[in-house]
$ cat target06.txt   # compact mmCIF, N, CA and C atoms
# COMPACT_ATOMS: atom_id res chain seq x y z
N MET A 1171 40.09 -123.81 -55.82
CA MET A 1171 41.39 -123.90 -55.19
C MET A 1171 41.23 -124.62 -53.86
N SER A 1172 42.04 -125.64 -53.63
CA SER A 1172 41.95 -126.39 -52.39
C SER A 1172 42.64 -125.62 -51.26
N ASN A 1173 42.41 -126.07 -50.04
CA ASN A 1173 43.06 -125.42 -48.90
C ASN A 1173 44.57 -125.51 -49.01
N ARG A 1174 45.05 -126.64 -49.47
CA ARG A 1174 46.51 -126.82 -49.63
C ARG A 1174 47.04 -125.84 -50.67
N ASP A 1175 46.30 -125.64 -51.76
CA ASP A 1175 46.73 -124.69 -52.78
C ASP A 1175 46.74 -123.27 -52.22
N LEU A 1176 45.72 -122.95 -51.42
CA LEU A 1176 45.65 -121.63 -50.81
C LEU A 1176 46.84 -121.40 -49.89
N LEU A 1177 47.14 -122.38 -49.04
CA LEU A 1177 48.29 -122.24 -48.14
C LEU A 1177 49.59 -122.15 -48.92
N SER A 1178 49.69 -122.96 -49.94
CA SER A 1178 50.89 -122.94 -50.78
C SER A 1178 51.07 -121.57 -51.44
N CYS A 1179 49.98 -121.00 -51.90
CA CYS A 1179 50.03 -119.67 -52.52
C CYS A 1179 50.44 -118.61 -51.52
N LEU A 1180 49.90 -118.67 -50.31
CA LEU A 1180 50.20 -117.66 -49.30
C LEU A 1180 51.61 -117.79 -48.75
N PHE A 1181 52.06 -119.02 -48.52
CA PHE A 1181 53.38 -119.24 -47.94
C PHE A 1181 54.46 -119.43 -49.00
N GLN A 1182 54.06 -119.52 -50.25
CA GLN A 1182 54.94 -119.69 -51.40
C GLN A 1182 55.83 -120.91 -51.20
N ASP A 1183 57.12 -120.79 -51.38
CA ASP A 1183 58.01 -121.95 -51.33
C ASP A 1183 58.13 -122.55 -49.94
N ASN A 1184 57.89 -121.76 -48.90
CA ASN A 1184 58.02 -122.27 -47.53
C ASN A 1184 57.05 -123.41 -47.24
N PHE A 1185 55.85 -123.35 -47.78
CA PHE A 1185 54.86 -124.41 -47.54
C PHE A 1185 55.29 -125.71 -48.20
N ARG A 1186 55.87 -125.61 -49.37
CA ARG A 1186 56.30 -126.81 -50.10
C ARG A 1186 57.44 -127.53 -49.39
N LYS A 1187 58.18 -126.82 -48.57
CA LYS A 1187 59.31 -127.41 -47.85
C LYS A 1187 58.87 -128.21 -46.63
N LEU A 1188 57.61 -128.02 -46.21
CA LEU A 1188 57.11 -128.74 -45.03
C LEU A 1188 56.82 -130.19 -45.37
N SER A 1189 57.02 -131.06 -44.38
CA SER A 1189 56.63 -132.46 -44.55
C SER A 1189 55.11 -132.54 -44.52
N LYS A 1190 54.57 -133.68 -44.90
CA LYS A 1190 53.11 -133.86 -44.91
C LYS A 1190 52.55 -133.65 -43.50
N ALA A 1191 53.22 -134.21 -42.50
CA ALA A 1191 52.76 -134.07 -41.11
C ALA A 1191 52.80 -132.61 -40.68
N GLU A 1192 53.86 -131.89 -41.05
CA GLU A 1192 53.96 -130.48 -40.69
C GLU A 1192 52.89 -129.65 -41.37
N SER A 1193 52.60 -129.94 -42.63
CA SER A 1193 51.57 -129.18 -43.34
C SER A 1193 50.19 -129.44 -42.77
N ILE A 1194 49.92 -130.68 -42.36
CA ILE A 1194 48.63 -131.00 -41.72
C ILE A 1194 48.51 -130.27 -40.39
N LEU A 1195 49.60 -130.25 -39.63
CA LEU A 1195 49.59 -129.54 -38.35
C LEU A 1195 49.37 -128.04 -38.57
N LEU A 1196 50.00 -127.47 -39.58
CA LEU A 1196 49.81 -126.06 -39.90
C LEU A 1196 48.35 -125.78 -40.26
N GLU A 1197 47.74 -126.65 -41.06
CA GLU A 1197 46.33 -126.49 -41.41
C GLU A 1197 45.46 -126.52 -40.16
N ALA A 1198 45.79 -127.42 -39.22
CA ALA A 1198 45.00 -127.53 -37.99
C ALA A 1198 45.14 -126.26 -37.14
N VAL A 1199 46.35 -125.72 -37.05
CA VAL A 1199 46.57 -124.50 -36.28
C VAL A 1199 45.79 -123.34 -36.89
N ILE A 1200 45.85 -123.24 -38.20
CA ILE A 1200 45.11 -122.18 -38.88
C ILE A 1200 43.61 -122.37 -38.68
N PHE A 1201 43.15 -123.61 -38.74
CA PHE A 1201 41.74 -123.90 -38.51
C PHE A 1201 41.29 -123.40 -37.14
N VAL A 1202 42.08 -123.67 -36.12
CA VAL A 1202 41.73 -123.25 -34.76
C VAL A 1202 41.66 -121.73 -34.69
N ARG A 1203 42.61 -121.05 -35.31
CA ARG A 1203 42.60 -119.58 -35.31
C ARG A 1203 41.37 -119.05 -36.05
N VAL A 1204 41.01 -119.68 -37.17
CA VAL A 1204 39.83 -119.26 -37.94
C VAL A 1204 38.57 -119.43 -37.10
N VAL A 1205 38.46 -120.54 -36.41
CA VAL A 1205 37.29 -120.77 -35.55
C VAL A 1205 37.22 -119.69 -34.48
N ASP A 1206 38.35 -119.35 -33.86
CA ASP A 1206 38.35 -118.31 -32.84
C ASP A 1206 37.86 -116.98 -33.40
N VAL A 1207 38.31 -116.63 -34.59
CA VAL A 1207 37.89 -115.37 -35.20
C VAL A 1207 36.39 -115.39 -35.51
N PHE A 1208 35.92 -116.51 -36.03
CA PHE A 1208 34.48 -116.60 -36.33
C PHE A 1208 33.64 -116.54 -35.07
N LEU A 1209 34.09 -117.18 -34.01
CA LEU A 1209 33.34 -117.10 -32.76
C LEU A 1209 33.26 -115.65 -32.28
N GLU A 1210 34.35 -114.92 -32.43
CA GLU A 1210 34.34 -113.51 -32.05
C GLU A 1210 33.38 -112.70 -32.92
N ILE A 1211 33.39 -112.97 -34.22
CA ILE A 1211 32.49 -112.26 -35.14
C ILE A 1211 31.03 -112.56 -34.79
N PHE A 1212 30.72 -113.83 -34.59
CA PHE A 1212 29.34 -114.20 -34.28
C PHE A 1212 28.93 -113.67 -32.91
N GLU A 1213 29.88 -113.63 -31.98
CA GLU A 1213 29.57 -113.10 -30.66
C GLU A 1213 29.22 -111.61 -30.75
N ASN A 1214 29.99 -110.87 -31.53
CA ASN A 1214 29.69 -109.45 -31.72
C ASN A 1214 28.36 -109.25 -32.42
N ARG A 1215 28.07 -110.12 -33.38
CA ARG A 1215 26.83 -110.00 -34.15
C ARG A 1215 25.61 -110.18 -33.26
N TYR A 1216 25.72 -111.06 -32.27
CA TYR A 1216 24.58 -111.36 -31.41
C TYR A 1216 24.74 -110.78 -30.01
N ASN A 1217 25.61 -109.81 -29.86
CA ASN A 1217 25.90 -109.23 -28.55
C ASN A 1217 24.65 -108.63 -27.92
N ALA A 1218 23.89 -107.88 -28.69
CA ALA A 1218 22.68 -107.25 -28.14
C ALA A 1218 21.68 -108.31 -27.70
N TYR A 1219 21.55 -109.36 -28.49
CA TYR A 1219 20.63 -110.44 -28.13
C TYR A 1219 21.08 -111.11 -26.83
N GLN A 1220 22.35 -111.32 -26.70
CA GLN A 1220 22.87 -111.98 -25.50
C GLN A 1220 22.67 -111.10 -24.26
N LYS A 1221 22.77 -109.78 -24.43
CA LYS A 1221 22.54 -108.89 -23.29
C LYS A 1221 21.09 -108.98 -22.83
N LEU A 1222 20.18 -109.16 -23.77
CA LEU A 1222 18.77 -109.32 -23.40
C LEU A 1222 18.56 -110.59 -22.58
N LEU A 1223 19.32 -111.62 -22.92
CA LEU A 1223 19.19 -112.88 -22.18
C LEU A 1223 19.83 -112.81 -20.80
N LYS A 1224 20.75 -111.85 -20.63
CA LYS A 1224 21.47 -111.67 -19.37
C LYS A 1224 22.12 -112.97 -18.90
N ASN A 1225 22.75 -113.66 -19.84
CA ASN A 1225 23.45 -114.90 -19.50
C ASN A 1225 24.78 -114.60 -18.85
N GLU A 1226 25.28 -115.59 -18.14
CA GLU A 1226 26.63 -115.50 -17.62
C GLU A 1226 27.59 -115.62 -18.80
N LEU A 1227 28.81 -115.09 -18.62
CA LEU A 1227 29.79 -115.10 -19.70
C LEU A 1227 30.06 -116.51 -20.20
N SER A 1228 30.19 -117.47 -19.31
CA SER A 1228 30.48 -118.84 -19.75
C SER A 1228 29.32 -119.40 -20.56
N LYS A 1229 28.11 -119.03 -20.22
CA LYS A 1229 26.96 -119.48 -21.00
C LYS A 1229 26.95 -118.84 -22.37
N GLU A 1230 27.38 -117.57 -22.47
CA GLU A 1230 27.46 -116.91 -23.77
C GLU A 1230 28.45 -117.65 -24.67
N ASP A 1231 29.60 -117.99 -24.12
CA ASP A 1231 30.60 -118.74 -24.89
C ASP A 1231 30.04 -120.08 -25.34
N GLU A 1232 29.33 -120.74 -24.46
CA GLU A 1232 28.74 -122.04 -24.79
C GLU A 1232 27.70 -121.90 -25.90
N ILE A 1233 26.90 -120.85 -25.84
CA ILE A 1233 25.89 -120.61 -26.87
C ILE A 1233 26.56 -120.41 -28.22
N MET A 1234 27.65 -119.62 -28.25
CA MET A 1234 28.36 -119.36 -29.50
C MET A 1234 28.97 -120.65 -30.05
N GLU A 1235 29.54 -121.47 -29.21
CA GLU A 1235 30.16 -122.71 -29.66
C GLU A 1235 29.10 -123.68 -30.18
N VAL A 1236 27.99 -123.78 -29.49
CA VAL A 1236 26.93 -124.69 -29.89
C VAL A 1236 26.35 -124.28 -31.23
N ASN A 1237 26.26 -122.97 -31.47
CA ASN A 1237 25.64 -122.46 -32.69
C ASN A 1237 26.65 -122.13 -33.79
N PHE A 1238 27.89 -122.54 -33.63
CA PHE A 1238 28.94 -122.18 -34.58
C PHE A 1238 28.59 -122.64 -36.00
N LEU A 1239 28.30 -123.92 -36.18
CA LEU A 1239 27.97 -124.42 -37.52
C LEU A 1239 26.66 -123.84 -38.03
N ARG A 1240 25.74 -123.63 -37.14
CA ARG A 1240 24.47 -123.01 -37.51
C ARG A 1240 24.72 -121.63 -38.11
N ASN A 1241 25.60 -120.86 -37.46
CA ASN A 1241 25.93 -119.53 -37.96
C ASN A 1241 26.66 -119.61 -39.30
N LEU A 1242 27.53 -120.59 -39.48
CA LEU A 1242 28.22 -120.75 -40.76
C LEU A 1242 27.24 -121.06 -41.88
N VAL A 1243 26.30 -121.97 -41.63
CA VAL A 1243 25.30 -122.31 -42.65
C VAL A 1243 24.45 -121.09 -42.97
N ASN A 1244 24.05 -120.35 -41.95
CA ASN A 1244 23.25 -119.13 -42.19
C ASN A 1244 24.05 -118.10 -42.97
N ASP A 1245 25.36 -118.02 -42.72
CA ASP A 1245 26.19 -117.09 -43.48
C ASP A 1245 26.30 -117.53 -44.94
N ILE A 1246 26.41 -118.83 -45.17
CA ILE A 1246 26.42 -119.34 -46.56
C ILE A 1246 25.11 -118.98 -47.25
N LEU A 1247 24.00 -119.18 -46.55
CA LEU A 1247 22.69 -118.85 -47.12
C LEU A 1247 22.55 -117.36 -47.41
N SER A 1248 23.15 -116.52 -46.57
CA SER A 1248 23.03 -115.08 -46.74
C SER A 1248 23.70 -114.59 -48.03
N THR A 1249 24.62 -115.37 -48.59
CA THR A 1249 25.27 -114.97 -49.84
C THR A 1249 24.39 -115.22 -51.05
N ASN A 1250 23.34 -115.99 -50.87
CA ASN A 1250 22.44 -116.41 -51.95
C ASN A 1250 23.14 -117.25 -53.01
N ASP A 1251 24.33 -117.78 -52.69
CA ASP A 1251 25.01 -118.70 -53.60
C ASP A 1251 24.41 -120.10 -53.52
N TYR A 1252 23.88 -120.45 -52.35
CA TYR A 1252 23.33 -121.78 -52.12
C TYR A 1252 22.01 -121.70 -51.38
N THR A 1253 21.17 -122.67 -51.65
CA THR A 1253 19.97 -122.90 -50.85
C THR A 1253 20.30 -124.02 -49.87
N LEU A 1254 19.37 -124.33 -48.98
CA LEU A 1254 19.59 -125.47 -48.09
C LEU A 1254 19.81 -126.76 -48.88
N GLU A 1255 19.01 -126.92 -49.94
CA GLU A 1255 19.16 -128.12 -50.78
C GLU A 1255 20.52 -128.14 -51.46
N GLY A 1256 20.96 -126.97 -51.91
CA GLY A 1256 22.27 -126.87 -52.56
C GLY A 1256 23.40 -127.21 -51.59
N ILE A 1257 23.29 -126.71 -50.37
CA ILE A 1257 24.30 -127.02 -49.36
C ILE A 1257 24.33 -128.52 -49.10
N ALA A 1258 23.15 -129.11 -48.95
CA ALA A 1258 23.08 -130.56 -48.71
C ALA A 1258 23.72 -131.33 -49.86
N ASN A 1259 23.48 -130.91 -51.08
CA ASN A 1259 24.07 -131.60 -52.24
C ASN A 1259 25.59 -131.47 -52.26
N VAL A 1260 26.08 -130.26 -52.00
CA VAL A 1260 27.52 -130.03 -52.07
C VAL A 1260 28.26 -130.80 -50.98
N ILE A 1261 27.71 -130.82 -49.77
CA ILE A 1261 28.39 -131.53 -48.69
C ILE A 1261 28.04 -133.01 -48.64
N ARG A 1262 27.23 -133.44 -49.60
CA ARG A 1262 26.84 -134.85 -49.75
C ARG A 1262 26.22 -135.43 -48.47
N MET A 1263 25.25 -134.68 -47.95
CA MET A 1263 24.49 -135.10 -46.77
C MET A 1263 23.02 -134.91 -47.07
N PRO A 1264 22.17 -135.69 -46.43
CA PRO A 1264 20.73 -135.51 -46.63
C PRO A 1264 20.28 -134.12 -46.15
N LEU A 1265 19.26 -133.60 -46.79
CA LEU A 1265 18.71 -132.29 -46.43
C LEU A 1265 18.32 -132.24 -44.95
N ASP A 1266 17.79 -133.34 -44.43
CA ASP A 1266 17.38 -133.39 -43.03
C ASP A 1266 18.54 -133.08 -42.09
N VAL A 1267 19.73 -133.53 -42.44
CA VAL A 1267 20.91 -133.30 -41.60
C VAL A 1267 21.22 -131.80 -41.56
N VAL A 1268 21.16 -131.14 -42.71
CA VAL A 1268 21.42 -129.70 -42.78
C VAL A 1268 20.33 -128.94 -42.03
N LEU A 1269 19.09 -129.37 -42.18
CA LEU A 1269 17.98 -128.72 -41.45
C LEU A 1269 18.15 -128.85 -39.95
N GLU A 1270 18.65 -129.99 -39.49
CA GLU A 1270 18.88 -130.18 -38.05
C GLU A 1270 19.94 -129.20 -37.54
N ILE A 1271 20.94 -128.91 -38.37
CA ILE A 1271 21.97 -127.93 -37.98
C ILE A 1271 21.35 -126.53 -37.91
N VAL A 1272 20.61 -126.15 -38.95
CA VAL A 1272 20.05 -124.80 -39.04
C VAL A 1272 19.01 -124.54 -37.95
N THR A 1273 18.23 -125.53 -37.62
CA THR A 1273 17.19 -125.35 -36.61
C THR A 1273 17.71 -125.50 -35.18
N GLY A 1274 18.95 -125.97 -35.04
CA GLY A 1274 19.53 -126.14 -33.71
C GLY A 1274 19.21 -127.46 -33.06
N ILE A 1275 18.60 -128.37 -33.80
CA ILE A 1275 18.31 -129.70 -33.25
C ILE A 1275 19.61 -130.47 -33.03
N ASN A 1276 20.50 -130.41 -34.01
CA ASN A 1276 21.79 -131.11 -33.91
C ASN A 1276 22.85 -130.08 -33.53
N THR A 1277 23.22 -130.05 -32.26
CA THR A 1277 24.23 -129.12 -31.78
C THR A 1277 25.59 -129.78 -31.60
N ASN A 1278 25.67 -131.06 -31.93
CA ASN A 1278 26.92 -131.79 -31.78
C ASN A 1278 27.12 -132.70 -32.99
N PRO A 1279 27.33 -132.09 -34.17
CA PRO A 1279 27.45 -132.89 -35.38
C PRO A 1279 28.78 -133.63 -35.44
N SER A 1280 28.87 -134.55 -36.37
CA SER A 1280 30.11 -135.30 -36.55
C SER A 1280 31.20 -134.37 -37.07
N LEU A 1281 32.43 -134.78 -36.87
CA LEU A 1281 33.56 -134.00 -37.36
C LEU A 1281 33.54 -133.91 -38.88
N MET A 1282 33.13 -134.99 -39.55
CA MET A 1282 33.07 -134.99 -41.01
C MET A 1282 32.05 -133.96 -41.51
N LEU A 1283 30.89 -133.91 -40.88
CA LEU A 1283 29.87 -132.93 -41.27
C LEU A 1283 30.38 -131.52 -41.03
N ALA A 1284 30.99 -131.29 -39.87
CA ALA A 1284 31.53 -129.97 -39.56
C ALA A 1284 32.60 -129.57 -40.57
N ALA A 1285 33.49 -130.48 -40.90
CA ALA A 1285 34.56 -130.19 -41.86
C ALA A 1285 33.99 -129.84 -43.23
N ARG A 1286 32.95 -130.55 -43.65
CA ARG A 1286 32.34 -130.27 -44.96
C ARG A 1286 31.67 -128.89 -44.98
N ILE A 1287 31.01 -128.53 -43.90
CA ILE A 1287 30.37 -127.21 -43.84
C ILE A 1287 31.43 -126.12 -43.83
N ILE A 1288 32.47 -126.31 -43.05
CA ILE A 1288 33.55 -125.31 -42.99
C ILE A 1288 34.24 -125.19 -44.34
N LYS A 1289 34.46 -126.30 -45.02
CA LYS A 1289 35.08 -126.28 -46.35
C LYS A 1289 34.20 -125.49 -47.33
N LEU A 1290 32.91 -125.74 -47.33
CA LEU A 1290 32.00 -125.00 -48.21
C LEU A 1290 32.02 -123.52 -47.86
N HIS A 1291 32.00 -123.21 -46.57
CA HIS A 1291 32.05 -121.80 -46.15
C HIS A 1291 33.34 -121.15 -46.63
N SER A 1292 34.45 -121.87 -46.56
CA SER A 1292 35.72 -121.29 -47.02
C SER A 1292 35.72 -121.07 -48.53
N ASP A 1293 34.97 -121.88 -49.26
CA ASP A 1293 34.83 -121.67 -50.71
C ASP A 1293 33.97 -120.44 -51.00
N VAL A 1294 32.89 -120.29 -50.23
CA VAL A 1294 31.96 -119.18 -50.45
C VAL A 1294 32.57 -117.85 -50.00
N ARG A 1295 33.29 -117.86 -48.91
CA ARG A 1295 33.90 -116.64 -48.34
C ARG A 1295 35.42 -116.64 -48.51
N ARG A 1296 35.89 -117.03 -49.68
CA ARG A 1296 37.33 -117.18 -49.94
C ARG A 1296 38.12 -115.91 -49.59
N ASP A 1297 37.61 -114.74 -49.96
CA ASP A 1297 38.33 -113.49 -49.68
C ASP A 1297 38.54 -113.29 -48.18
N PHE A 1298 37.52 -113.63 -47.41
CA PHE A 1298 37.62 -113.49 -45.96
C PHE A 1298 38.72 -114.40 -45.41
N TYR A 1299 38.74 -115.65 -45.85
CA TYR A 1299 39.73 -116.60 -45.35
C TYR A 1299 41.14 -116.19 -45.77
N GLU A 1300 41.29 -115.71 -46.99
CA GLU A 1300 42.61 -115.26 -47.44
C GLU A 1300 43.10 -114.10 -46.60
N ALA A 1301 42.22 -113.14 -46.33
CA ALA A 1301 42.59 -111.99 -45.50
C ALA A 1301 42.92 -112.42 -44.08
N LEU A 1302 42.15 -113.36 -43.56
CA LEU A 1302 42.36 -113.85 -42.20
C LEU A 1302 43.71 -114.57 -42.09
N ILE A 1303 44.03 -115.39 -43.06
CA ILE A 1303 45.30 -116.12 -43.03
C ILE A 1303 46.46 -115.13 -43.16
N ARG A 1304 46.31 -114.16 -44.04
CA ARG A 1304 47.37 -113.13 -44.16
C ARG A 1304 47.56 -112.39 -42.85
N LYS A 1305 46.45 -112.06 -42.17
CA LYS A 1305 46.53 -111.37 -40.90
C LYS A 1305 47.26 -112.23 -39.87
N MET A 1306 46.94 -113.52 -39.83
CA MET A 1306 47.62 -114.42 -38.89
C MET A 1306 49.11 -114.52 -39.17
N ILE A 1307 49.46 -114.56 -40.46
CA ILE A 1307 50.87 -114.62 -40.85
C ILE A 1307 51.58 -113.35 -40.41
N ASP A 1308 50.95 -112.20 -40.64
CA ASP A 1308 51.54 -110.93 -40.24
C ASP A 1308 51.72 -110.85 -38.73
N GLU A 1309 50.73 -111.31 -37.97
CA GLU A 1309 50.82 -111.30 -36.51
C GLU A 1309 51.95 -112.20 -36.02
N GLU A 1310 52.08 -113.38 -36.64
CA GLU A 1310 53.14 -114.30 -36.24
C GLU A 1310 54.51 -113.77 -36.58
N SER A 1311 54.64 -113.13 -37.74
CA SER A 1311 55.95 -112.61 -38.14
C SER A 1311 56.33 -111.39 -37.31
N ALA A 1312 55.35 -110.67 -36.74
CA ALA A 1312 55.63 -109.51 -35.91
C ALA A 1312 56.14 -109.89 -34.54
N THR A 1313 55.82 -111.12 -34.10
CA THR A 1313 56.25 -111.54 -32.75
C THR A 1313 57.59 -112.19 -32.76

$ encode --input "target06.txt" --output "structure tokens"
Amino acid sequence: MSNRDLLSCLFQDNFRKLSKAESILLEAVIFVRVVDVFLEIFENRYNAYQKLLKNELSKEDEIMEVNFLRNLVNDILSTNDYTLEGIANVIRMPLDVVLEIVTGINTNPSLMLAARIIKLHSDVRRDFYEALIRKMIDEESAT
């Protein structure tokens, strides 16, 4: 199921009424919210480690942002659905590129590479993304 199909399913007829530009903007807004939630999850996961480092708060945020894709790839690997080679094949990138992300050598990948990793992660963790989007919809409708 593509992201557009997922949004269409969640928003039902309302999504189909949006223009192409509006639907792309909606996808971008949801993407930003998803990134924020993942940064919070990863920050909580490594909170004890960060306390040991005794970094300033802004440095902690920077560490989480720099390692965002690294954490996503590690989360994909933790499902045992893909190996590093499998991830490289699915996102159509050389294995070396994926290794650079996982090892932290490449902390500023291209937008295309980031989008492919996020897309694969959304396929692997579909239930999480569906729940997250539903939560965002509920929060927006409550305000």

$ residues_around --input "target06.txt" --residues "stretch 1198-1215 of chain A" --least-positions-apart "4" --cutoff "8 Å" --atoms "only C-alpha atoms" --output "list in words"
Ile1194, Met1234, Glu1235, Phe1238, Asn1241, Tyr1299, Leu1302 and Ile1303 of chain A

$ closest_residue --input "target06.txt" --among "A:Lys1190, A:Lys1305, A:Arg1240, A:His1291" --to "A:Ile1261" --atoms "only C-alpha atoms"
A:His1291

$ atom_distance --input "target06.txt" --atom1 "atom N of A:Val1267" --atom2 "atom CA of A:Ser1248"
19.2 Å

$ atom_distance --input "target06.txt" --atom1 "atom CA of A:Asn1278" --atom2 "atom CA of A:Thr1249"
24.7 Å

$ atom_distance --input "target06.txt" --atom1 "atom CA of A:Ile1288" --atom2 "atom CA of A:Asn1244"
12.0 Å

$ select_by_dssp --input "target06.txt" --residues "stretch 1258-1288 of chain A" --states "helix (DSSP H, G or I)" --output "VMD selection string"
chain A and resid 1258 to 1260 1265 to 1273 1281 to 1288

$ closest_residue --input "target06.txt" --among "A:Asp1308, A:Met1263, A:Ser1189, A:Val1243" --to "A:Met1282" --atoms "only C-alpha atoms"
A:Met1263

$ axis_aligned_box --input "target06.txt" --around "stretch 1278-1288 of chain A" --padding-each-side "5 Å" --output "lines of an AutoDock Vina configuration file"
center_x = 30.1
center_y = -130.2
center_z = -38.4
size_x = 18.9
size_y = 20.1
size_z = 23.2

$ decode --input "target06.txt" --residues "stretch 1276-1288 of chain A" --atoms "N, CA and C atoms" --output "CSV table (one decimal), in the first residue's frame"
chain,number,residue,atom,x,y,z
A,1276,ASN,N,28.2,9.0,7.2
A,1276,ASN,CA,27.4,9.9,6.4
A,1276,ASN,C,26.2,10.4,7.3
A,1277,THR,N,26.4,11.6,7.9
A,1277,THR,CA,25.4,12.2,8.7
A,1277,THR,C,24.5,13.2,8.0
A,1278,ASN,N,24.8,13.4,6.7
A,1278,ASN,CA,24.0,14.4,6.0
A,1278,ASN,C,23.7,13.8,4.6
A,1279,PRO,N,22.9,12.8,4.5
A,1279,PRO,CA,22.6,12.1,3.3
A,1279,PRO,C,21.7,12.9,2.4
A,1280,SER,N,21.6,12.5,1.2
A,1280,SER,CA,20.7,13.2,0.2
A,1280,SER,C,19.3,13.1,0.6
A,1281,LEU,N,18.4,14.0,0.1
A,1281,LEU,CA,17.0,13.9,0.4
A,1281,LEU,C,16.4,12.6,-0.2
A,1282,MET,N,16.9,12.2,-1.4
A,1282,MET,CA,16.4,11.0,-2.0
A,1282,MET,C,16.7,9.8,-1.2
A,1283,LEU,N,17.9,9.7,-0.7
A,1283,LEU,CA,18.3,8.5,0.2
A,1283,LEU,C,17.5,8.5,1.5
A,1284,ALA,N,17.3,9.7,2.1
A,1284,ALA,CA,16.5,9.8,3.3
A,1284,ALA,C,15.0,9.3,3.0
A,1285,ALA,N,14.5,9.8,1.9
A,1285,ALA,CA,13.1,9.5,1.6
A,1285,ALA,C,13.0,8.0,1.4
A,1286,ARG,N,13.9,7.3,0.7
A,1286,ARG,CA,13.9,5.9,0.5
A,1286,ARG,C,13.9,5.1,1.8
A,1287,ILE,N,14.8,5.5,2.7
A,1287,ILE,CA,14.9,4.8,4.0
A,1287,ILE,C,13.6,5.0,4.8
A,1288,ILE,N,13.1,6.2,4.8
A,1288,ILE,CA,11.8,6.5,5.5
A,1288,ILE,C,10.7,5.7,4.9
